[in-house]
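Visitor: As input, take final_26.pdb (PDB, C-alpha atoms):
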ATOM      1  CA  MET A  25     -25.516   9.191 -41.003  1.00  0.00           C
ATOM      2  CA  VAL A  26     -23.579   8.278 -37.838  1.00  0.00           C
ATOM      3  CA  ARG A  27     -21.196  11.059 -36.783  1.00  0.00           C
ATOM      4  CA  ILE A  28     -17.956   9.706 -35.271  1.00  0.00           C
ATOM      5  CA  ILE A  29     -15.179  11.235 -33.188  1.00  0.00           C
ATOM      6  CA  MET A  30     -11.980   9.264 -33.844  1.00  0.00           C
ATOM      7  CA  HIS A  31      -9.862   9.116 -30.677  1.00  0.00           C
ATOM      8  CA  GLY A  32      -6.255   8.472 -31.685  1.00  0.00           C
ATOM      9  CA  CYS A  33      -6.985   9.485 -35.266  1.00  0.00           C
ATOM     10  CA  ASN A  34      -3.333   9.773 -36.347  1.00  0.00           C
ATOM     11  CA  GLY A  35      -2.283   6.377 -35.048  1.00  0.00           C
ATOM     12  CA  LYS A  36      -2.099   3.336 -37.337  1.00  0.00           C
ATOM     13  CA  MET A  37      -5.588   2.086 -36.530  1.00  0.00           C
ATOM     14  CA  GLY A  38      -7.007   5.605 -36.526  1.00  0.00           C
ATOM     15  CA  GLN A  39      -5.807   6.117 -40.074  1.00  0.00           C
ATOM     16  CA  VAL A  40      -7.119   2.724 -41.224  1.00  0.00           C
ATOM     17  CA  ILE A  41     -10.534   3.588 -39.783  1.00  0.00           C
ATOM     18  CA  THR A  42     -10.397   7.041 -41.377  1.00  0.00           C
ATOM     19  CA  GLY A  43      -9.847   5.460 -44.793  1.00  0.00           C
ATOM     20  CA  LEU A  44     -12.658   2.944 -44.371  1.00  0.00           C
ATOM     21  CA  VAL A  45     -15.199   5.452 -43.052  1.00  0.00           C
ATOM     22  CA  ALA A  46     -14.483   7.715 -46.042  1.00  0.00           C
ATOM     23  CA  LYS A  47     -16.003   4.950 -48.223  1.00  0.00           C
ATOM     24  CA  ASP A  48     -18.941   4.232 -45.872  1.00  0.00           C
ATOM     25  CA  ASP A  49     -22.275   5.812 -46.818  1.00  0.00           C
ATOM     26  CA  GLU A  50     -23.668   5.293 -43.310  1.00  0.00           C
ATOM     27  CA  ALA A  51     -20.946   6.994 -41.255  1.00  0.00           C
ATOM     28  CA  GLU A  52     -18.571   9.950 -41.239  1.00  0.00           C
ATOM     29  CA  ILE A  53     -15.742  11.121 -38.989  1.00  0.00           C
ATOM     30  CA  VAL A  54     -16.576  14.660 -37.904  1.00  0.00           C
ATOM     31  CA  ALA A  55     -13.580  15.190 -35.602  1.00  0.00           C
ATOM     32  CA  GLY A  56     -10.392  13.583 -34.411  1.00  0.00           C
ATOM     33  CA  ILE A  57      -8.593  13.645 -31.067  1.00  0.00           C
ATOM     34  CA  ASP A  58      -4.807  13.385 -31.205  1.00  0.00           C
ATOM     35  CA  PRO A  59      -1.978  15.411 -29.621  1.00  0.00           C
ATOM     36  CA  TYR A  60       0.064  15.100 -32.828  1.00  0.00           C
ATOM     37  CA  ASP A  61      -1.423  16.462 -36.050  1.00  0.00           C
ATOM     38  CA  ASP A  62      -0.015  17.777 -39.326  1.00  0.00           C
ATOM     39  CA  GLY A  63      -3.331  18.838 -40.838  1.00  0.00           C
ATOM     40  CA  HIS A  64      -3.606  16.002 -43.372  1.00  0.00           C
ATOM     41  CA  ASN A  65      -7.038  14.761 -42.255  1.00  0.00           C
ATOM     42  CA  SER A  66     -10.256  15.961 -43.893  1.00  0.00           C
ATOM     43  CA  TYR A  67     -11.805  16.646 -40.463  1.00  0.00           C
ATOM     44  CA  PRO A  68     -10.723  18.943 -37.609  1.00  0.00           C
ATOM     45  CA  VAL A  69      -8.328  17.420 -35.070  1.00  0.00           C
ATOM     46  CA  PHE A  70      -8.180  18.542 -31.437  1.00  0.00           C
ATOM     47  CA  PRO A  71      -5.312  17.803 -29.024  1.00  0.00           C
ATOM     48  CA  SER A  72      -7.695  16.549 -26.318  1.00  0.00           C
ATOM     49  CA  PHE A  73     -11.374  16.017 -25.592  1.00  0.00           C
ATOM     50  CA  HIS A  74     -11.246  19.145 -23.461  1.00  0.00           C
ATOM     51  CA  ASP A  75     -10.658  21.150 -26.652  1.00  0.00           C
ATOM     52  CA  CYS A  76     -13.242  19.381 -28.843  1.00  0.00           C
ATOM     53  CA  ILE A  77     -16.169  21.587 -29.903  1.00  0.00           C
ATOM     54  CA  VAL A  78     -17.713  19.237 -32.502  1.00  0.00           C
ATOM     55  CA  LYS A  79     -20.895  17.290 -31.736  1.00  0.00           C
ATOM     56  CA  ALA A  80     -21.015  13.588 -32.550  1.00  0.00           C
ATOM     57  CA  ASP A  81     -23.124  10.456 -32.073  1.00  0.00           C
ATOM     58  CA  VAL A  82     -20.351   8.082 -30.974  1.00  0.00           C
ATOM     59  CA  ILE A  83     -16.623   7.845 -30.256  1.00  0.00           C
ATOM     60  CA  ILE A  84     -14.238   5.189 -31.571  1.00  0.00           C
ATOM     61  CA  ASP A  85     -11.204   4.852 -29.310  1.00  0.00           C
ATOM     62  CA  PHE A  86      -7.893   3.483 -30.588  1.00  0.00           C
ATOM     63  CA  ALA A  87      -5.524   5.634 -28.547  1.00  0.00           C
ATOM     64  CA  THR A  88      -3.368   4.933 -25.479  1.00  0.00           C
ATOM     65  CA  ALA A  89      -4.365   3.647 -22.073  1.00  0.00           C
ATOM     66  CA  LYS A  90      -3.423   6.918 -20.377  1.00  0.00           C
ATOM     67  CA  ALA A  91      -5.879   8.803 -22.627  1.00  0.00           C
ATOM     68  CA  VAL A  92      -8.905   6.670 -21.728  1.00  0.00           C
ATOM     69  CA  ASP A  93      -9.709   8.606 -18.545  1.00  0.00           C
ATOM     70  CA  GLY A  94     -10.274  11.825 -20.510  1.00  0.00           C
ATOM     71  CA  LEU A  95     -12.416   9.900 -22.990  1.00  0.00           C
ATOM     72  CA  LEU A  96     -14.650   8.527 -20.241  1.00  0.00           C
ATOM     73  CA  GLU A  97     -15.052  11.946 -18.662  1.00  0.00           C
ATOM     74  CA  TYR A  98     -16.069  13.483 -22.008  1.00  0.00           C
ATOM     75  CA  SER A  99     -18.375  10.580 -22.880  1.00  0.00           C
ATOM     76  CA  LYS A 100     -20.269  10.838 -19.589  1.00  0.00           C
ATOM     77  CA  LYS A 101     -20.426  14.640 -19.532  1.00  0.00           C
ATOM     78  CA  ASN A 102     -21.730  14.912 -23.114  1.00  0.00           C
ATOM     79  CA  ASN A 103     -23.720  11.651 -23.223  1.00  0.00           C
ATOM     80  CA  VAL A 104     -21.757  10.345 -26.220  1.00  0.00           C
ATOM     81  CA  PRO A 105     -21.478   6.528 -26.473  1.00  0.00           C
ATOM     82  CA  ALA A 106     -17.962   5.130 -26.865  1.00  0.00           C
ATOM     83  CA  VAL A 107     -16.451   2.061 -28.534  1.00  0.00           C
ATOM     84  CA  ILE A 108     -13.301   1.383 -26.519  1.00  0.00           C
ATOM     85  CA  CYS A 109     -10.653  -0.559 -28.434  1.00  0.00           C
ATOM     86  CA  THR A 110      -7.534   0.535 -26.526  1.00  0.00           C
ATOM     87  CA  THR A 111      -5.760  -2.322 -24.719  1.00  0.00           C
ATOM     88  CA  GLY A 112      -3.450  -2.461 -21.704  1.00  0.00           C
ATOM     89  CA  LEU A 113      -5.973  -0.847 -19.357  1.00  0.00           C
ATOM     90  CA  SER A 114      -5.518  -1.072 -15.605  1.00  0.00           C
ATOM     91  CA  GLU A 115      -8.031  -2.743 -13.314  1.00  0.00           C
ATOM     92  CA  GLU A 116      -8.987   0.717 -12.052  1.00  0.00           C
ATOM     93  CA  GLN A 117      -9.690   1.908 -15.603  1.00  0.00           C
ATOM     94  CA  ILE A 118     -11.772  -1.158 -16.378  1.00  0.00           C
ATOM     95  CA  GLU A 119     -13.797  -0.495 -13.238  1.00  0.00           C
ATOM     96  CA  ARG A 120     -14.188   3.139 -14.321  1.00  0.00           C
ATOM     97  CA  ILE A 121     -15.460   1.974 -17.709  1.00  0.00           C
ATOM     98  CA  HIS A 122     -18.153  -0.102 -16.015  1.00  0.00           C
ATOM     99  CA  GLU A 123     -19.083   2.826 -13.774  1.00  0.00           C
ATOM    100  CA  THR A 124     -19.375   5.117 -16.811  1.00  0.00           C
ATOM    101  CA  SER A 125     -21.601   2.571 -18.586  1.00  0.00           C
ATOM    102  CA  ARG A 126     -24.258   3.177 -15.955  1.00  0.00           C
ATOM    103  CA  GLU A 127     -24.763   6.637 -17.456  1.00  0.00           C
ATOM    104  CA  VAL A 128     -23.861   6.206 -21.144  1.00  0.00           C
ATOM    105  CA  ALA A 129     -23.554   3.341 -23.632  1.00  0.00           C
ATOM    106  CA  ILE A 130     -20.059   1.786 -23.690  1.00  0.00           C
ATOM    107  CA  LEU A 131     -18.864  -1.072 -25.900  1.00  0.00           C
ATOM    108  CA  LYS A 132     -15.647  -2.897 -25.107  1.00  0.00           C
ATOM    109  CA  SER A 133     -14.410  -6.167 -26.563  1.00  0.00           C
ATOM    110  CA  ALA A 134     -11.193  -8.187 -26.377  1.00  0.00           C
ATOM    111  CA  ASN A 135     -11.152  -8.349 -30.178  1.00  0.00           C
ATOM    112  CA  MET A 136     -13.098  -6.164 -32.619  1.00  0.00           C
ATOM    113  CA  SER A 137     -13.055  -8.671 -35.495  1.00  0.00           C
ATOM    114  CA  LEU A 138     -16.517  -9.781 -36.578  1.00  0.00           C
ATOM    115  CA  GLY A 139     -15.058 -13.179 -37.458  1.00  0.00           C
ATOM    116  CA  ILE A 140     -13.478 -13.740 -34.037  1.00  0.00           C
ATOM    117  CA  ASN A 141     -16.681 -12.728 -32.289  1.00  0.00           C
ATOM    118  CA  THR A 142     -18.651 -15.174 -34.414  1.00  0.00           C
ATOM    119  CA  LEU A 143     -16.097 -17.798 -33.371  1.00  0.00           C
ATOM    120  CA  PHE A 144     -16.831 -17.037 -29.703  1.00  0.00           C
ATOM    121  CA  LYS A 145     -20.453 -18.056 -30.261  1.00  0.00           C
ATOM    122  CA  LEU A 146     -19.551 -21.186 -32.239  1.00  0.00           C
ATOM    123  CA  LEU A 147     -17.079 -22.325 -29.592  1.00  0.00           C
ATOM    124  CA  LYS A 148     -19.656 -22.078 -26.830  1.00  0.00           C
ATOM    125  CA  GLN A 149     -21.953 -24.353 -28.806  1.00  0.00           C
ATOM    126  CA  ALA A 150     -19.197 -26.824 -29.720  1.00  0.00           C
ATOM    127  CA  THR A 151     -17.792 -26.936 -26.188  1.00  0.00           C
ATOM    128  CA  ALA A 152     -21.177 -27.685 -24.646  1.00  0.00           C
ATOM    129  CA  ILE A 153     -21.475 -30.729 -26.930  1.00  0.00           C
ATOM    130  CA  LEU A 154     -17.909 -32.015 -27.172  1.00  0.00           C
ATOM    131  CA  ALA A 155     -16.453 -31.507 -23.684  1.00  0.00           C
ATOM    132  CA  PRO A 156     -18.996 -33.837 -22.035  1.00  0.00           C
ATOM    133  CA  ALA A 157     -18.077 -36.377 -24.745  1.00  0.00           C
ATOM    134  CA  ASN A 158     -14.473 -36.345 -23.415  1.00  0.00           C
ATOM    135  CA  PHE A 159     -12.900 -34.249 -26.177  1.00  0.00           C
ATOM    136  CA  ASP A 160      -9.666 -32.547 -25.100  1.00  0.00           C
ATOM    137  CA  MET A 161      -9.481 -28.830 -25.920  1.00  0.00           C
ATOM    138  CA  GLU A 162      -6.365 -26.928 -27.031  1.00  0.00           C
ATOM    139  CA  ILE A 163      -5.777 -23.388 -28.302  1.00  0.00           C
ATOM    140  CA  VAL A 164      -2.738 -22.340 -30.358  1.00  0.00           C
ATOM    141  CA  GLU A 165      -2.244 -18.638 -31.124  1.00  0.00           C
ATOM    142  CA  LYS A 166       0.366 -17.093 -33.434  1.00  0.00           C
ATOM    143  CA  HIS A 167       1.492 -13.469 -33.664  1.00  0.00           C
ATOM    144  CA  HIS A 168       4.378 -11.346 -34.948  1.00  0.00           C
ATOM    145  CA  ASN A 169       7.733 -11.264 -33.192  1.00  0.00           C
ATOM    146  CA  GLN A 170       7.157  -7.782 -31.749  1.00  0.00           C
ATOM    147  CA  LYS A 171       4.145  -8.753 -29.629  1.00  0.00           C
ATOM    148  CA  LEU A 172       4.968  -8.421 -25.943  1.00  0.00           C
ATOM    149  CA  ASP A 173       2.213 -10.401 -24.208  1.00  0.00           C
ATOM    150  CA  ALA A 174       1.575 -14.138 -24.365  1.00  0.00           C
ATOM    151  CA  PRO A 175      -0.875 -15.704 -24.616  1.00  0.00           C
ATOM    152  CA  SER A 176      -2.822 -13.108 -26.562  1.00  0.00           C
ATOM    153  CA  GLY A 177      -5.875 -11.440 -25.090  1.00  0.00           C
ATOM    154  CA  THR A 178      -7.932 -12.996 -27.877  1.00  0.00           C
ATOM    155  CA  ALA A 179      -6.715 -16.509 -27.021  1.00  0.00           C
ATOM    156  CA  LEU A 180      -7.723 -15.948 -23.412  1.00  0.00           C
ATOM    157  CA  ALA A 181     -11.105 -14.590 -24.511  1.00  0.00           C
ATOM    158  CA  LEU A 182     -11.654 -17.702 -26.654  1.00  0.00           C
ATOM    159  CA  ALA A 183     -10.758 -19.882 -23.680  1.00  0.00           C
ATOM    160  CA  ASP A 184     -13.056 -17.836 -21.442  1.00  0.00           C
ATOM    161  CA  SER A 185     -15.982 -18.425 -23.807  1.00  0.00           C
ATOM    162  CA  MET A 186     -15.313 -22.170 -23.658  1.00  0.00           C
ATOM    163  CA  LYS A 187     -14.891 -22.259 -19.885  1.00  0.00           C
ATOM    164  CA  GLU A 188     -18.077 -20.247 -19.465  1.00  0.00           C
ATOM    165  CA  ALA A 189     -19.983 -22.883 -21.430  1.00  0.00           C
ATOM    166  CA  LEU A 190     -18.722 -25.440 -18.891  1.00  0.00           C
ATOM    167  CA  ASP A 191     -19.751 -23.469 -15.786  1.00  0.00           C
ATOM    168  CA  ASP A 192     -16.102 -22.573 -15.102  1.00  0.00           C
ATOM    169  CA  SER A 193     -15.271 -26.159 -14.174  1.00  0.00           C
ATOM    170  CA  TYR A 194     -12.132 -26.232 -16.381  1.00  0.00           C
ATOM    171  CA  TYR A 195      -8.781 -24.455 -15.933  1.00  0.00           C
ATOM    172  CA  TYR A 196      -6.005 -23.199 -18.240  1.00  0.00           C
ATOM    173  CA  LYS A 197      -2.669 -24.971 -18.833  1.00  0.00           C
ATOM    174  CA  TYR A 198       0.081 -22.775 -20.322  1.00  0.00           C
ATOM    175  CA  ASP A 199       3.218 -24.913 -19.990  1.00  0.00           C
ATOM    176  CA  ARG A 200       3.761 -28.672 -20.000  1.00  0.00           C
ATOM    177  CA  SER A 201       7.569 -28.622 -19.841  1.00  0.00           C
ATOM    178  CA  LYS A 202       7.947 -28.492 -16.043  1.00  0.00           C
ATOM    179  CA  GLU A 203       6.214 -31.736 -15.138  1.00  0.00           C
ATOM    180  CA  ARG A 204       5.883 -35.236 -16.591  1.00  0.00           C
ATOM    181  CA  ILE A 205       2.240 -36.125 -16.088  1.00  0.00           C
ATOM    182  CA  LYS A 206      -0.680 -37.131 -18.261  1.00  0.00           C
ATOM    183  CA  ARG A 207      -3.042 -34.474 -19.515  1.00  0.00           C
ATOM    184  CA  ASP A 208      -5.800 -33.557 -17.067  1.00  0.00           C
ATOM    185  CA  PRO A 209      -9.212 -33.920 -18.763  1.00  0.00           C
ATOM    186  CA  LYS A 210     -10.313 -30.692 -17.069  1.00  0.00           C
ATOM    187  CA  GLU A 211      -7.676 -28.447 -18.634  1.00  0.00           C
ATOM    188  CA  ILE A 212      -7.788 -26.163 -21.657  1.00  0.00           C
ATOM    189  CA  GLY A 213      -4.289 -25.965 -23.133  1.00  0.00           C
ATOM    190  CA  ILE A 214      -3.105 -22.592 -24.460  1.00  0.00           C
ATOM    191  CA  SER A 215       0.103 -22.242 -26.502  1.00  0.00           C
ATOM    192  CA  ALA A 216       1.737 -19.150 -28.062  1.00  0.00           C
ATOM    193  CA  VAL A 217       3.925 -18.846 -31.175  1.00  0.00           C
ATOM    194  CA  ARG A 218       5.849 -15.627 -31.970  1.00  0.00           C
ATOM    195  CA  GLY A 219       7.502 -15.043 -35.317  1.00  0.00           C
ATOM    196  CA  GLY A 220       7.870 -12.852 -38.381  1.00  0.00           C
ATOM    197  CA  THR A 221       5.032 -10.535 -39.260  1.00  0.00           C
ATOM    198  CA  ILE A 222       2.043 -12.751 -38.423  1.00  0.00           C
ATOM    199  CA  VAL A 223      -0.884 -10.387 -37.808  1.00  0.00           C
ATOM    200  CA  GLY A 224      -2.851 -12.925 -35.815  1.00  0.00           C
ATOM    201  CA  GLU A 225      -3.882 -16.547 -36.067  1.00  0.00           C
ATOM    202  CA  HIS A 226      -5.953 -18.554 -33.601  1.00  0.00           C
ATOM    203  CA  GLU A 227      -6.681 -22.281 -33.787  1.00  0.00           C
ATOM    204  CA  VAL A 228      -8.913 -24.250 -31.445  1.00  0.00           C
ATOM    205  CA  PHE A 229      -8.716 -28.054 -31.413  1.00  0.00           C
ATOM    206  CA  PHE A 230     -11.287 -30.474 -30.031  1.00  0.00           C
ATOM    207  CA  CYS A 231      -9.464 -33.803 -29.885  1.00  0.00           C
ATOM    208  CA  GLY A 232     -11.537 -36.916 -29.340  1.00  0.00           C
ATOM    209  CA  GLU A 233     -11.028 -40.631 -29.847  1.00  0.00           C
ATOM    210  CA  ASP A 234     -10.243 -41.165 -33.544  1.00  0.00           C
ATOM    211  CA  GLU A 235     -11.402 -37.681 -34.587  1.00  0.00           C
ATOM    212  CA  VAL A 236     -10.303 -34.043 -34.343  1.00  0.00           C
ATOM    213  CA  ILE A 237     -12.393 -30.932 -34.978  1.00  0.00           C
ATOM    214  CA  GLU A 238     -10.587 -27.649 -35.707  1.00  0.00           C
ATOM    215  CA  PHE A 239     -11.713 -24.029 -35.684  1.00  0.00           C
ATOM    216  CA  LYS A 240      -9.336 -21.467 -37.164  1.00  0.00           C
ATOM    217  CA  HIS A 241      -9.337 -17.707 -37.622  1.00  0.00           C
ATOM    218  CA  THR A 242      -6.592 -15.864 -39.520  1.00  0.00           C
ATOM    219  CA  ALA A 243      -6.152 -12.095 -39.612  1.00  0.00           C
ATOM    220  CA  TYR A 244      -4.323 -10.960 -42.766  1.00  0.00           C
ATOM    221  CA  SER A 245      -4.389  -7.259 -41.876  1.00  0.00           C
ATOM    222  CA  LYS A 246      -5.449  -4.929 -39.094  1.00  0.00           C
ATOM    223  CA  SER A 247      -8.322  -3.657 -41.230  1.00  0.00           C
ATOM    224  CA  ILE A 248     -10.548  -6.439 -39.867  1.00  0.00           C
ATOM    225  CA  PHE A 249     -10.395  -4.794 -36.437  1.00  0.00           C
ATOM    226  CA  ALA A 250     -11.132  -1.404 -37.995  1.00  0.00           C
ATOM    227  CA  LYS A 251     -14.174  -2.777 -39.824  1.00  0.00           C
ATOM    228  CA  GLY A 252     -15.474  -4.304 -36.614  1.00  0.00           C
ATOM    229  CA  ALA A 253     -15.003  -1.026 -34.732  1.00  0.00           C
ATOM    230  CA  ILE A 254     -16.973   0.873 -37.378  1.00  0.00           C
ATOM    231  CA  GLU A 255     -19.834  -1.629 -37.252  1.00  0.00           C
ATOM    232  CA  ALA A 256     -19.769  -1.392 -33.458  1.00  0.00           C
ATOM    233  CA  ALA A 257     -19.968   2.417 -33.641  1.00  0.00           C
ATOM    234  CA  LYS A 258     -22.973   2.300 -35.971  1.00  0.00           C
ATOM    235  CA  PHE A 259     -24.636  -0.198 -33.631  1.00  0.00           C
ATOM    236  CA  LEU A 260     -23.909   1.782 -30.452  1.00  0.00           C
ATOM    237  CA  ALA A 261     -25.058   5.231 -31.635  1.00  0.00           C
ATOM    238  CA  GLY A 262     -28.351   6.040 -29.920  1.00  0.00           C
ATOM    239  CA  LYS A 263     -28.271   3.046 -27.567  1.00  0.00           C
ATOM    240  CA  PRO A 264     -29.298   3.482 -23.923  1.00  0.00           C
ATOM    241  CA  ALA A 265     -26.721   3.425 -21.124  1.00  0.00           C
ATOM    242  CA  GLY A 266     -25.168   0.042 -20.480  1.00  0.00           C
ATOM    243  CA  MET A 267     -22.172  -2.180 -21.091  1.00  0.00           C
ATOM    244  CA  TYR A 268     -22.090  -3.771 -24.551  1.00  0.00           C
ATOM    245  CA  ASP A 269     -19.677  -6.021 -26.425  1.00  0.00           C
ATOM    246  CA  MET A 270     -19.284  -7.375 -29.946  1.00  0.00           C
ATOM    247  CA  SER A 271     -21.679 -10.235 -29.287  1.00  0.00           C
ATOM    248  CA  ASP A 272     -24.424  -7.594 -29.196  1.00  0.00           C
ATOM    249  CA  VAL A 273     -23.297  -6.276 -32.593  1.00  0.00           C
ATOM    250  CA  ILE A 274     -23.368  -9.638 -34.377  1.00  0.00           C
ATOM    251  CA  GLY A 275     -26.657 -10.630 -32.699  1.00  0.00           C
TER     252      GLY A 275
END
Please rewrite the model in this file as structure tokens.

Guide:
Amino acid sequence: MVRIIMHGCNGKMGQVITGLVAKDDEAEIVAGIDPYDDGHNSYPVFPSFHDCIVKADVIIDFATAKAVDGLLEYSKKNNVPAVICTTGLSEEQIERIHETSREVAILKSANMSLGINTLFKLLKQATAILAPANFDMEIVEKHHNQKLDAPSGTALALADSMKEALDDSYYYKYDRSKERIKRDPKEIGISAVRGGTIVGEHEVFFCGEDEVIEFKHTAYSKSIFAKGAIEAAKFLAGKPAGMYDMSDVIG
């Protein structure tokens, strides 16, 4: 049984994960970390890691960027691996995460969905075959109208996986409205759509002469990210120090 500390347990994702773990025979949440608590959880909740007295095998983090520093300090001091899902981290925090991974296992991924991370692998294979055959590559991502950033971090991660397969010889094109020129064969186009309550949709197009190949991933709820985080936690528990990502989880 993998014992989990849920960082940000009373947030939306923390509560989704709490519900899923309650039905998981291989894991249990033994403590939560959250400054706001009304006592409704079945496990003890502490306002900070400094106050936590419960032992665990791994931490799942879905809190705020400002709380990550305390998480890293606790993880290193107590040798507890951490799955970091919080976004909006500064460059300094990302560097601190890598420094911490030298002493304890840390897993961080741009997207916790098992499906998206499988897509990363498929795109690398497809890109290596189709780009040399002169297929143009385009990414279209769609999210709800409250999302602040564009393009999404997942869209950029998809593009990064493709560019990596091409030895970084391609570049990203975000806007075609400012110039009237033909498409550069060395560009990967990235477009963003914002509207309604779309949880997340990513489409990748390989457009060749007389044929088009499409890859598409649709998120219908945030539970897919919660499921991925739980699988990551079960994978990471007991692992040696190092930096891991979801590609290690899916094999």

Visitor: Report as a PyMOL selection string the residues that result from applying the PyMOL selection byres ((chain A and resi 107) around 7) to the structure here.

Guide: chain A and resi 83-85+106+108-109+130-132+256-257

Visitor: Can you list what the PyMOL selection byres ((chain A and resi 56) around 6) grabs from this structure, as a short mmCIF file (atom, residue, chain, number, x, y, z; two decimals) with C-alpha atoms, in the coordinates of the input?

Guide:
data_model
loop_
_atom_site.label_atom_id
_atom_site.label_comp_id
_atom_site.auth_asym_id
_atom_site.auth_seq_id
_atom_site.Cartn_x
_atom_site.Cartn_y
_atom_site.Cartn_z
CA ILE A 29 -15.18 11.24 -33.19
CA MET A 30 -11.98 9.26 -33.84
CA HIS A 31 -9.86 9.12 -30.68
CA CYS A 33 -6.98 9.48 -35.27
CA ALA A 55 -13.58 15.19 -35.60
CA ILE A 57 -8.59 13.64 -31.07
CA VAL A 69 -8.33 17.42 -35.07
#

Visitor: Taking into account only C-alpha atoms, which residue in the set A:Leu172, A:Ile222, A:Ala157, A:Leu182 is nearest to A:Pro209?

Guide: A:Ala157

Visitor: Applied to this file, what does the PyMOL selection byres ((chain A and resi 230-245) around 9) return in terms of residues, put as a VMD selection string?

Guide: chain A and resid 137 139 to 140 143 147 150 to 151 154 to 155 157 to 162 222 to 229 246 to 249

Visitor: Counting only C-alpha atoms, figure out which residue out of A:Asn65, A:Gln149, A:Asp81, A:Asp191 gets nearest to A:Ala46.

Guide: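 Nearest to A:Ala46: A:Asn65.
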
Visitor: What's the separation between atom CA of A:Thr110 and atom CA of A:Gly38, in Å to one decimal place?

Guide: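 Atom-to-atom, atom CA of A:Thr110 to atom CA of A:Gly38, that is 11.2 Å.
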
Visitor: What gap, in Å, lies between atom CA of A:Glu116 and atom CA of A:Thr88?

Guide: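 Computed distance, atom CA of A:Glu116 to atom CA of A:Thr88, equals 15.2 Å.
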
Visitor: Quick one: distance from atom CA of A:Asp48 to atom CA of A:Met136 in Å, one decimal?

Guide: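 About the pair atom CA of A:Asp48 and atom CA of A:Met136: they are 17.8 Å apart.
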
Visitor: Which one is closest to A:Ser114: A:Ile153, A:Leu44, A:Ala89, A:Ile274? Count only C-alpha atoms.

Guide: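 Closest to A:Ser114 of all the choices is A:Ala89.
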
Visitor: Using all atoms listed in the file, which residue out of A:His74, A:Lys263, A:Arg218, A:His168 lies closest to A:Asp58?

Guide: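 The shortest atom-to-atom distance to A:Asp58 comes from A:His74.
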
Visitor: Do a neighbour search on A:Pro175 at 8 Å with all atoms listed in the file, toss out local chain neighbours closer than 4 positions, and write the hits as a list in words.

Guide: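 Residues meeting the cut-off are Glu165, Ala179, Leu180, Ile214, Ser215 and Ala216 of chain A.
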
Visitor: Using all atoms listed in the file, which of A:Lys101, A:Lys166, A:Arg120, A:Arg27 sits nearest A:Gly219?

Guide: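 Of the candidates, the smallest distance to A:Gly219 is held by A:Lys166.
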
Visitor: Please report, as JSON, the centre and edge lengths in Å to one decimal of an axis-aligned box covering all listed atoms of stretch 125-144 of chain A with 8 Å per side.

Guide:
{"center_x": -18.0, "center_y": -5.6, "center_z": -26.7, "size_x": 29.6, "size_y": 40.4, "size_z": 37.5}

Visitor: Find the residues around A:Thr111 up to 12 Å (only C-alpha atoms counted), leave out those fewer than 6 positions away in its own chain, and share them as a list in words.

Guide: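 Here the answer would be Asp85, Phe86, Ala87, Thr88, Ala89, Lys90, Ala91, Val92, Gln117, Ile118, Lys132, Ser133, Ala134, Asn135, Met136, Asp173, Ser176, Gly177 and Thr178 of chain A.
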
Visitor: For A:Leu95, which residue among A:Met25, A:Ala152, A:Cys76, A:Ile53 is the nearest when counting only C-alpha atoms?

Guide: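 Nearest candidate to A:Leu95 out of A:Met25, A:Ala152, A:Cys76, A:Ile53: A:Cys76.
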
Visitor: Give me the residues near stretch 192-202 of chain A as a list in words, where near means some atom within 8 Å (using all atoms listed in the file) and where sequence neighbours in that chain fewer than 3 positions away do not count.

Guide: Ala183, Lys187, Glu188, Ala189, Lys210, Glu211, Ile212, Gly213, Ile214 and Ser215 of chain A
